[in-house]
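A.B. asks: Submitted below is the structure of interest, expressed as structure tokens.
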Amino acid sequence: PPTPLFFPPPATKGRKKSGAAAKKSSEAAEPKKKEGKKMYESFKPMSNPIYMDMSLDEIQKTKSFLDPCGMEATDDIIDRLVGQQLEKIGNLLHRALRPPESSGSKGTSVGGSLGSQTNPLVLGTACSGTDAPALALTIVQEQLERRGMGHLFKHDHVFSCEVEPYKQAYLARNFDSKLYPDISKLCDDPPRDVYGQEQPLPEFNLFVAGTSCKNFSMLMSNKRIDIEDKGCSGETFLAACELLF
């Protein structure tokens, strides 16, 4: 009889294994990962204060903390930068704010540059936010005093105006000036403060107001509103002008 022919099975190289076989082989090839602790399992809440064994005096002498209101970790950096700039313009500032040579009949100085001891800078702000102008002037005053030039400059922050309640809370806590809620009502006779009390507007010689530009923005091509249309931005701008003129 004829010898039967033997045909080897087709090669499996390049052929895809079935899903079950592929999964089984991959599991055998990869070592099992050791399961560690979850993050929440490693967290141990503390029911006692960190310095519970120390007295208040010991804490104040040995530990330092930031005041949560009006203080940031970058304050020292800002103070140093302002101080460096004041050192550069110290001579110019001294000439600009020095007392006038002329005197009154009783030996008192007459007039004086704006911001000098005889003619202090009296600041009022609207759309105040965190009142950056008042903070900046305070830093300038502090840095001048540290350098023995505190007598050159004097300022007073007399009022702020802010419509947002949470910003009003910040201003009320950090400043002693009068606080009004609405710039459009500053010209009322008399205006009312955030507490509803009648408070005549103090005299000032420097007014800073940063109105919103949302209505004026060219990005709002379909809804752009001019000043004369008296949107929110326009009303704020016109109210500032009314206060000044």
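Ordered as shown in the structure tokens, chains take letters A, B, and onward, while each chain numbers its residues from 1 and ligands are numbered from 1 in the order shown.
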For Lys178 in chain A, please output as a PyMOL selection string all residues within 7 Å (counting only C-alpha atoms; exclusion window: fewer than 2 positions along the same chain).
C.D. replies: chain A and resi 158-160+176+180
A.B. asks: So how far away is CA of Gln141 in chain A from CA of Cys241 in chain A, in Å?
C.D. replies: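 Interatomic distance here is 29.0 Å.
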A.B. asks: Report, in Å to a single decimal, how far apart CA of Thr130 in chain A and CA of Gly231 in chain A are.
C.D. replies: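 Separation between CA of Gly231 in chain A and CA of Thr130 in chain A: 23.6 Å.
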A.B. asks: Which of range 107-180 of chain A end up as alpha helix (DSSP H) when DSSP is run on this backbone - answer as a PyMOL selection string?
C.D. replies: chain A and resi 132-146+165-174
A.B. asks: Could you find all residues in range 173-220 of chain A that DSSP calls strand (DSSP E or B) from the backbone, and write them as JSON, numbers by chain?
C.D. replies: {"A": [178, 179, 180, 192, 198, 206, 207, 208, 209]}
A.B. asks: How far is it from CA of Leu171 in chain A to CA of Glu142 in chain A, in Å with one decimal?
C.D. replies: 19.7 Å
